Each structure stands twice: as C-alpha cells, then as structure tokens.
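Visitor: See data.cif below, with mmCIF, N, CA and C atoms.
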data_query
#
loop_
_atom_site.group_PDB
_atom_site.id
_atom_site.type_symbol
_atom_site.label_atom_id
_atom_site.label_comp_id
_atom_site.auth_asym_id
_atom_site.auth_seq_id
_atom_site.Cartn_x
_atom_site.Cartn_y
_atom_site.Cartn_z
ATOM 1 N N MET A 10 71.473 2.409 32.938
ATOM 2 C CA MET A 10 70.663 3.348 32.204
ATOM 3 C C MET A 10 69.205 3.140 32.597
ATOM 4 N N LYS A 11 68.603 4.164 33.137
ATOM 5 C CA LYS A 11 67.201 4.103 33.541
ATOM 6 C C LYS A 11 66.339 4.559 32.367
ATOM 7 N N THR A 12 65.350 3.756 32.033
ATOM 8 C CA THR A 12 64.466 4.097 30.925
ATOM 9 C C THR A 12 63.014 3.993 31.370
ATOM 10 N N CYS A 13 62.141 4.602 30.585
ATOM 11 C CA CYS A 13 60.718 4.609 30.923
ATOM 12 C C CYS A 13 60.012 3.409 30.293
ATOM 13 N N GLN A 14 58.734 3.270 30.600
ATOM 14 C CA GLN A 14 57.949 2.153 30.084
ATOM 15 C C GLN A 14 57.758 2.254 28.576
ATOM 16 N N ARG A 15 57.646 3.460 28.055
ATOM 17 C CA ARG A 15 57.460 3.621 26.614
ATOM 18 C C ARG A 15 58.687 3.118 25.862
ATOM 19 N N PHE A 16 59.877 3.385 26.390
ATOM 20 C CA PHE A 16 61.116 2.888 25.798
ATOM 21 C C PHE A 16 61.061 1.362 25.718
ATOM 22 N N SER A 17 60.628 0.721 26.799
ATOM 23 C CA SER A 17 60.535 -0.738 26.835
ATOM 24 C C SER A 17 59.516 -1.260 25.835
ATOM 25 N N ARG A 18 58.400 -0.559 25.685
ATOM 26 C CA ARG A 18 57.372 -0.976 24.718
ATOM 27 C C ARG A 18 57.887 -0.872 23.289
ATOM 28 N N ILE A 19 58.577 0.221 22.989
ATOM 29 C CA ILE A 19 59.142 0.399 21.651
ATOM 30 C C ILE A 19 60.128 -0.722 21.359
ATOM 31 N N LYS A 20 61.015 -0.965 22.311
ATOM 32 C CA LYS A 20 62.047 -1.981 22.134
ATOM 33 C C LYS A 20 61.450 -3.374 21.972
ATOM 34 N N SER A 21 60.479 -3.732 22.809
ATOM 35 C CA SER A 21 59.902 -5.070 22.727
ATOM 36 C C SER A 21 59.148 -5.279 21.417
ATOM 37 N N GLY A 22 58.507 -4.232 20.911
ATOM 38 C CA GLY A 22 57.812 -4.348 19.633
ATOM 39 C C GLY A 22 58.767 -4.637 18.487
ATOM 40 N N TYR A 23 59.860 -3.893 18.442
ATOM 41 C CA TYR A 23 60.857 -4.134 17.400
ATOM 42 C C TYR A 23 61.505 -5.505 17.570
ATOM 43 N N GLU A 24 61.830 -5.879 18.794
ATOM 44 C CA GLU A 24 62.470 -7.178 19.021
ATOM 45 C C GLU A 24 61.569 -8.327 18.588
ATOM 46 N N GLN A 25 60.268 -8.182 18.804
ATOM 47 C CA GLN A 25 59.329 -9.213 18.381
ATOM 48 C C GLN A 25 59.342 -9.349 16.851
ATOM 49 N N ASP A 26 59.336 -8.226 16.146
ATOM 50 C CA ASP A 26 59.378 -8.256 14.683
ATOM 51 C C ASP A 26 60.685 -8.865 14.185
ATOM 52 N N ILE A 27 61.795 -8.472 14.787
ATOM 53 C CA ILE A 27 63.098 -8.988 14.370
ATOM 54 C C ILE A 27 63.176 -10.495 14.595
ATOM 55 N N THR A 28 62.685 -10.956 15.729
ATOM 56 C CA THR A 28 62.687 -12.393 16.025
ATOM 57 C C THR A 28 61.860 -13.153 15.004
ATOM 58 N N PHE A 29 60.683 -12.642 14.676
ATOM 59 C CA PHE A 29 59.821 -13.284 13.693
ATOM 60 C C PHE A 29 60.524 -13.387 12.342
ATOM 61 N N LEU A 30 61.142 -12.281 11.897
ATOM 62 C CA LEU A 30 61.806 -12.273 10.598
ATOM 63 C C LEU A 30 63.010 -13.217 10.570
ATOM 64 N N ARG A 31 63.783 -13.232 11.640
ATOM 65 C CA ARG A 31 64.942 -14.141 11.688
ATOM 66 C C ARG A 31 64.505 -15.602 11.723
ATOM 67 N N SER A 32 63.443 -15.890 12.453
ATOM 68 C CA SER A 32 62.933 -17.260 12.514
ATOM 69 C C SER A 32 62.460 -17.713 11.143
ATOM 70 N N HIS A 33 61.766 -16.843 10.444
ATOM 71 C CA HIS A 33 61.309 -17.177 9.088
ATOM 72 C C HIS A 33 62.500 -17.449 8.188
ATOM 73 N N SER A 34 63.523 -16.622 8.309
ATOM 74 C CA SER A 34 64.721 -16.780 7.498
ATOM 75 C C SER A 34 65.403 -18.122 7.767
ATOM 76 N N GLU A 35 65.457 -18.524 9.021
ATOM 77 C CA GLU A 35 66.086 -19.806 9.370
ATOM 78 C C GLU A 35 65.254 -20.994 8.904
ATOM 79 N N ARG A 36 63.933 -20.880 9.011
ATOM 80 C CA ARG A 36 63.058 -21.986 8.601
ATOM 81 C C ARG A 36 63.088 -22.220 7.097
ATOM 82 N N HIS A 37 63.241 -21.153 6.330
ATOM 83 C CA HIS A 37 63.170 -21.247 4.872
ATOM 84 C C HIS A 37 64.528 -21.002 4.221
ATOM 85 N N GLU A 38 65.563 -21.494 4.868
ATOM 86 C CA GLU A 38 66.919 -21.277 4.386
ATOM 87 C C GLU A 38 67.068 -21.776 2.946
ATOM 88 N N GLY A 39 67.737 -20.968 2.124
ATOM 89 C CA GLY A 39 67.966 -21.334 0.730
ATOM 90 C C GLY A 39 66.912 -20.820 -0.226
ATOM 91 N N LYS A 40 65.852 -20.257 0.278
ATOM 92 C CA LYS A 40 64.798 -19.712 -0.572
ATOM 93 C C LYS A 40 64.932 -18.192 -0.650
ATOM 94 N N PRO A 41 64.401 -17.605 -1.700
ATOM 95 C CA PRO A 41 64.469 -16.141 -1.823
ATOM 96 C C PRO A 41 63.756 -15.414 -0.676
ATOM 97 N N SER A 42 62.681 -15.999 -0.159
ATOM 98 C CA SER A 42 61.967 -15.351 0.943
ATOM 99 C C SER A 42 62.811 -15.289 2.206
ATOM 100 N N ALA A 43 63.706 -16.262 2.378
ATOM 101 C CA ALA A 43 64.587 -16.264 3.548
ATOM 102 C C ALA A 43 65.573 -15.104 3.463
ATOM 103 N N LYS A 44 66.103 -14.886 2.272
ATOM 104 C CA LYS A 44 67.044 -13.786 2.083
ATOM 105 C C LYS A 44 66.350 -12.447 2.317
ATOM 106 N N ALA A 45 65.133 -12.326 1.834
ATOM 107 C CA ALA A 45 64.377 -11.085 2.028
ATOM 108 C C ALA A 45 64.086 -10.862 3.506
ATOM 109 N N SER A 46 63.717 -11.920 4.221
ATOM 110 C CA SER A 46 63.437 -11.794 5.652
ATOM 111 C C SER A 46 64.680 -11.373 6.423
ATOM 112 N N ALA A 47 65.820 -11.919 6.053
ATOM 113 C CA ALA A 47 67.071 -11.553 6.717
ATOM 114 C C ALA A 47 67.382 -10.075 6.487
ATOM 115 N N LYS A 48 67.152 -9.589 5.274
ATOM 116 C CA LYS A 48 67.393 -8.173 4.978
ATOM 117 C C LYS A 48 66.423 -7.284 5.745
ATOM 118 N N HIS A 49 65.169 -7.710 5.821
ATOM 119 C CA HIS A 49 64.177 -6.930 6.566
ATOM 120 C C HIS A 49 64.504 -6.910 8.060
ATOM 121 N N ALA A 50 65.022 -8.024 8.576
ATOM 122 C CA ALA A 50 65.405 -8.082 9.991
ATOM 123 C C ALA A 50 66.541 -7.107 10.273
ATOM 124 N N ALA A 51 67.499 -7.046 9.375
ATOM 125 C CA ALA A 51 68.616 -6.109 9.550
ATOM 126 C C ALA A 51 68.112 -4.668 9.490
ATOM 127 N N GLY A 52 67.195 -4.406 8.585
ATOM 128 C CA GLY A 52 66.622 -3.067 8.482
ATOM 129 C C GLY A 52 65.821 -2.704 9.721
ATOM 130 N N ALA A 53 65.095 -3.677 10.241
ATOM 131 C CA ALA A 53 64.305 -3.439 11.453
ATOM 132 C C ALA A 53 65.215 -3.161 12.645
ATOM 133 N N LYS A 54 66.354 -3.815 12.681
ATOM 134 C CA LYS A 54 67.302 -3.584 13.778
ATOM 135 C C LYS A 54 67.842 -2.158 13.722
ATOM 136 N N ARG A 55 68.150 -1.681 12.522
ATOM 137 C CA ARG A 55 68.618 -0.299 12.363
ATOM 138 C C ARG A 55 67.510 0.689 12.718
ATOM 139 N N ALA A 56 66.285 0.374 12.310
ATOM 140 C CA ALA A 56 65.152 1.246 12.616
ATOM 141 C C ALA A 56 64.906 1.300 14.120
ATOM 142 N N MET A 57 65.074 0.157 14.807
ATOM 143 C CA MET A 57 64.908 0.124 16.253
ATOM 144 C C MET A 57 65.940 1.029 16.916
ATOM 145 N N ALA A 58 67.173 0.952 16.464
ATOM 146 C CA ALA A 58 68.229 1.785 17.046
ATOM 147 C C ALA A 58 67.911 3.264 16.858
ATOM 148 N N ARG A 59 67.455 3.636 15.669
ATOM 149 C CA ARG A 59 67.097 5.037 15.421
ATOM 150 C C ARG A 59 65.937 5.476 16.304
ATOM 151 N N ALA A 60 64.910 4.636 16.397
ATOM 152 C CA ALA A 60 63.725 4.987 17.188
ATOM 153 C C ALA A 60 64.068 5.115 18.672
ATOM 154 N N LEU A 61 64.887 4.206 19.172
ATOM 155 C CA LEU A 61 65.252 4.259 20.588
ATOM 156 C C LEU A 61 66.145 5.460 20.890
ATOM 157 N N ASN A 62 67.067 5.765 19.989
ATOM 158 C CA ASN A 62 67.907 6.955 20.177
ATOM 159 C C ASN A 62 67.068 8.221 20.160
ATOM 160 N N ARG A 63 66.155 8.297 19.217
ATOM 161 C CA ARG A 63 65.277 9.460 19.113
ATOM 162 C C ARG A 63 64.446 9.605 20.383
ATOM 163 N N HIS A 64 63.901 8.495 20.873
ATOM 164 C CA HIS A 64 63.103 8.535 22.093
ATOM 165 C C HIS A 64 63.954 8.970 23.281
ATOM 166 N N TYR A 65 65.129 8.377 23.415
ATOM 167 C CA TYR A 65 65.997 8.653 24.559
ATOM 168 C C TYR A 65 66.401 10.124 24.609
ATOM 169 N N GLU A 66 66.646 10.703 23.441
ATOM 170 C CA GLU A 66 67.046 12.114 23.392
ATOM 171 C C GLU A 66 65.919 13.048 23.818
ATOM 172 N N ARG A 67 64.687 12.677 23.507
ATOM 173 C CA ARG A 67 63.555 13.582 23.722
ATOM 174 C C ARG A 67 62.772 13.310 25.003
ATOM 175 N N CYS A 68 62.924 12.162 25.594
ATOM 176 C CA CYS A 68 62.129 11.789 26.771
ATOM 177 C C CYS A 68 62.750 12.380 28.030
ATOM 178 N N PRO A 69 61.990 13.154 28.775
ATOM 179 C CA PRO A 69 62.523 13.740 30.015
ATOM 180 C C PRO A 69 62.783 12.677 31.099
ATOM 181 N N GLU A 70 62.048 11.602 31.072
ATOM 182 C CA GLU A 70 62.231 10.553 32.074
ATOM 183 C C GLU A 70 63.470 9.701 31.788
ATOM 184 N N CYS A 71 63.758 9.452 30.516
ATOM 185 C CA CYS A 71 64.909 8.632 30.155
ATOM 186 C C CYS A 71 66.211 9.425 30.201
ATOM 187 N N GLY A 72 66.169 10.638 29.730
ATOM 188 C CA GLY A 72 67.373 11.458 29.601
ATOM 189 C C GLY A 72 67.785 12.030 30.891
#
Mind converting the file's structure to structure tokens?
Guide:
Amino acid sequence: MKTCQRFSRIKSGYEQDITFLRSHSERHEGKPSAKASAKHAAGAKRAMARALNRHYERCPECG
C-alpha cells in the first residue's frame, strides 16, 4: 500500500500519543490514572483508524 507523507504524519502523531498513554498505564499499574490512560489509549487507537481511513479515502495520492 503506497501512502503519502501526510498519512505518515497522521499515523506517527497518533502512535506517539498511544505509546505515551500505554507507558503511563504500565508505570502506574493499579492506580485509577492507569486505568484511565489505558482507556484513552484504546480510544486514541480507534480515532487513529478512523482518521487514517478518512484520509485514505479522500487523498488522491494514497487512493
């Protein structure tokens, strides 16, 4: 699958956020903030999928 630079930028931004949230969740295991971070990471992963699908459908270079 050939994608454009904007696709890569979108993906890397979301991946950075997801990594940060998962790391926080692992560091603070057993605390309420860890559970919240894990939920936010899952939500960010779904949001990334939606954003990338939306981009892929509309981008003439990717599609």
Visitor: DSSP on the backbone, then: every residue of chain A marked helix (DSSP H, G or I), written as an MDAnalysis selection string.
Guide: chainID A and resid 14:36 41:67
Visitor: Return as lines of an AutoDock Vina configuration file the box centre and box size in Å, one decimal, for an axis-aligned box around all listed atoms of stretch 61-67 of chain A padded by 6 Å per side.
Guide:
center_x = 65.3
center_y = 8.9
center_z = 22.1
size_x = 17.1
size_y = 21.4
size_z = 17.9
Visitor: Rounded to one decimal in Å, what is the spacing between atom C of A:Gly22 and atom N of A:Met57?
Guide: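 Atom C of A:Gly22 sits 8.7 Å away from atom N of A:Met57.
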Visitor: Provide the atom CA of A:His33 to atom CA of A:Ser46 distance in Å, to one decimal place.
Guide: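 So the answer is 6.7 Å.
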Visitor: Residues near stretch 24-31 of chain A, anyone? I mean within 12 Å using only C-alpha atoms, not counting same-chain ones fewer than 3 positions away, as a ChimeraX atom specification.
Guide: /A:17-21,34-38,42-58,61
Visitor: Could you please take those selected residues and save N, CA and C atoms as an mmCIF file, in the coordinates of the input?
Guide:
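Output contents, as saved in selection_28.cif:
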data_model
loop_
_atom_site.group_PDB
_atom_site.id
_atom_site.type_symbol
_atom_site.label_atom_id
_atom_site.label_comp_id
_atom_site.auth_asym_id
_atom_site.auth_seq_id
_atom_site.Cartn_x
_atom_site.Cartn_y
_atom_site.Cartn_z
ATOM 1 N N SER A 17 60.628 0.721 26.799
ATOM 2 C CA SER A 17 60.535 -0.738 26.835
ATOM 3 C C SER A 17 59.516 -1.260 25.835
ATOM 4 N N ARG A 18 58.400 -0.559 25.685
ATOM 5 C CA ARG A 18 57.372 -0.976 24.718
ATOM 6 C C ARG A 18 57.887 -0.872 23.289
ATOM 7 N N ILE A 19 58.577 0.221 22.989
ATOM 8 C CA ILE A 19 59.142 0.399 21.651
ATOM 9 C C ILE A 19 60.128 -0.722 21.359
ATOM 10 N N LYS A 20 61.015 -0.965 22.311
ATOM 11 C CA LYS A 20 62.047 -1.981 22.134
ATOM 12 C C LYS A 20 61.450 -3.374 21.972
ATOM 13 N N SER A 21 60.479 -3.732 22.809
ATOM 14 C CA SER A 21 59.902 -5.070 22.727
ATOM 15 C C SER A 21 59.148 -5.279 21.417
ATOM 16 N N SER A 34 63.523 -16.622 8.309
ATOM 17 C CA SER A 34 64.721 -16.780 7.498
ATOM 18 C C SER A 34 65.403 -18.122 7.767
ATOM 19 N N GLU A 35 65.457 -18.524 9.021
ATOM 20 C CA GLU A 35 66.086 -19.806 9.370
ATOM 21 C C GLU A 35 65.254 -20.994 8.904
ATOM 22 N N ARG A 36 63.933 -20.880 9.011
ATOM 23 C CA ARG A 36 63.058 -21.986 8.601
ATOM 24 C C ARG A 36 63.088 -22.220 7.097
ATOM 25 N N HIS A 37 63.241 -21.153 6.330
ATOM 26 C CA HIS A 37 63.170 -21.247 4.872
ATOM 27 C C HIS A 37 64.528 -21.002 4.221
ATOM 28 N N GLU A 38 65.563 -21.494 4.868
ATOM 29 C CA GLU A 38 66.919 -21.277 4.386
ATOM 30 C C GLU A 38 67.068 -21.776 2.946
ATOM 31 N N SER A 42 62.681 -15.999 -0.159
ATOM 32 C CA SER A 42 61.967 -15.351 0.943
ATOM 33 C C SER A 42 62.811 -15.289 2.206
ATOM 34 N N ALA A 43 63.706 -16.262 2.378
ATOM 35 C CA ALA A 43 64.587 -16.264 3.548
ATOM 36 C C ALA A 43 65.573 -15.104 3.463
ATOM 37 N N LYS A 44 66.103 -14.886 2.272
ATOM 38 C CA LYS A 44 67.044 -13.786 2.083
ATOM 39 C C LYS A 44 66.350 -12.447 2.317
ATOM 40 N N ALA A 45 65.133 -12.326 1.834
ATOM 41 C CA ALA A 45 64.377 -11.085 2.028
ATOM 42 C C ALA A 45 64.086 -10.862 3.506
ATOM 43 N N SER A 46 63.717 -11.920 4.221
ATOM 44 C CA SER A 46 63.437 -11.794 5.652
ATOM 45 C C SER A 46 64.680 -11.373 6.423
ATOM 46 N N ALA A 47 65.820 -11.919 6.053
ATOM 47 C CA ALA A 47 67.071 -11.553 6.717
ATOM 48 C C ALA A 47 67.382 -10.075 6.487
ATOM 49 N N LYS A 48 67.152 -9.589 5.274
ATOM 50 C CA LYS A 48 67.393 -8.173 4.978
ATOM 51 C C LYS A 48 66.423 -7.284 5.745
ATOM 52 N N HIS A 49 65.169 -7.710 5.821
ATOM 53 C CA HIS A 49 64.177 -6.930 6.566
ATOM 54 C C HIS A 49 64.504 -6.910 8.060
ATOM 55 N N ALA A 50 65.022 -8.024 8.576
ATOM 56 C CA ALA A 50 65.405 -8.082 9.991
ATOM 57 C C ALA A 50 66.541 -7.107 10.273
ATOM 58 N N ALA A 51 67.499 -7.046 9.375
ATOM 59 C CA ALA A 51 68.616 -6.109 9.550
ATOM 60 C C ALA A 51 68.112 -4.668 9.490
ATOM 61 N N GLY A 52 67.195 -4.406 8.585
ATOM 62 C CA GLY A 52 66.622 -3.067 8.482
ATOM 63 C C GLY A 52 65.821 -2.704 9.721
ATOM 64 N N ALA A 53 65.095 -3.677 10.241
ATOM 65 C CA ALA A 53 64.305 -3.439 11.453
ATOM 66 C C ALA A 53 65.215 -3.161 12.645
ATOM 67 N N LYS A 54 66.354 -3.815 12.681
ATOM 68 C CA LYS A 54 67.302 -3.584 13.778
ATOM 69 C C LYS A 54 67.842 -2.158 13.722
ATOM 70 N N ARG A 55 68.150 -1.681 12.522
ATOM 71 C CA ARG A 55 68.618 -0.299 12.363
ATOM 72 C C ARG A 55 67.510 0.689 12.718
ATOM 73 N N ALA A 56 66.285 0.374 12.310
ATOM 74 C CA ALA A 56 65.152 1.246 12.616
ATOM 75 C C ALA A 56 64.906 1.300 14.120
ATOM 76 N N MET A 57 65.074 0.157 14.807
ATOM 77 C CA MET A 57 64.908 0.124 16.253
ATOM 78 C C MET A 57 65.940 1.029 16.916
ATOM 79 N N ALA A 58 67.173 0.952 16.464
ATOM 80 C CA ALA A 58 68.229 1.785 17.046
ATOM 81 C C ALA A 58 67.911 3.264 16.858
ATOM 82 N N LEU A 61 64.887 4.206 19.172
ATOM 83 C CA LEU A 61 65.252 4.259 20.588
ATOM 84 C C LEU A 61 66.145 5.460 20.890
#
Visitor: Could you spell out the hits of the PyMOL selection byres (((chain A and resi 10 and name CA) around 10) and name CA) on the shown file, as a ChimeraX atom specification?
Guide: /A:11-12,71-72
Visitor: Go ahead and write the residues just picked, N, CA and C atoms, as an mmCIF file, in the frame of the given file.
Guide:
data_model
loop_
_atom_site.group_PDB
_atom_site.id
_atom_site.type_symbol
_atom_site.label_atom_id
_atom_site.label_comp_id
_atom_site.auth_asym_id
_atom_site.auth_seq_id
_atom_site.Cartn_x
_atom_site.Cartn_y
_atom_site.Cartn_z
ATOM 1 N N LYS A 11 68.603 4.164 33.137
ATOM 2 C CA LYS A 11 67.201 4.103 33.541
ATOM 3 C C LYS A 11 66.339 4.559 32.367
ATOM 4 N N THR A 12 65.350 3.756 32.033
ATOM 5 C CA THR A 12 64.466 4.097 30.925
ATOM 6 C C THR A 12 63.014 3.993 31.370
ATOM 7 N N CYS A 71 63.758 9.452 30.516
ATOM 8 C CA CYS A 71 64.909 8.632 30.155
ATOM 9 C C CYS A 71 66.211 9.425 30.201
ATOM 10 N N GLY A 72 66.169 10.638 29.730
ATOM 11 C CA GLY A 72 67.373 11.458 29.601
ATOM 12 C C GLY A 72 67.785 12.030 30.891
#
Visitor: Report the distance between atom CA of A:Cys13 and atom CA of A:Arg59 in Å, rounded to one decimal place.
Guide: 16.8 Å
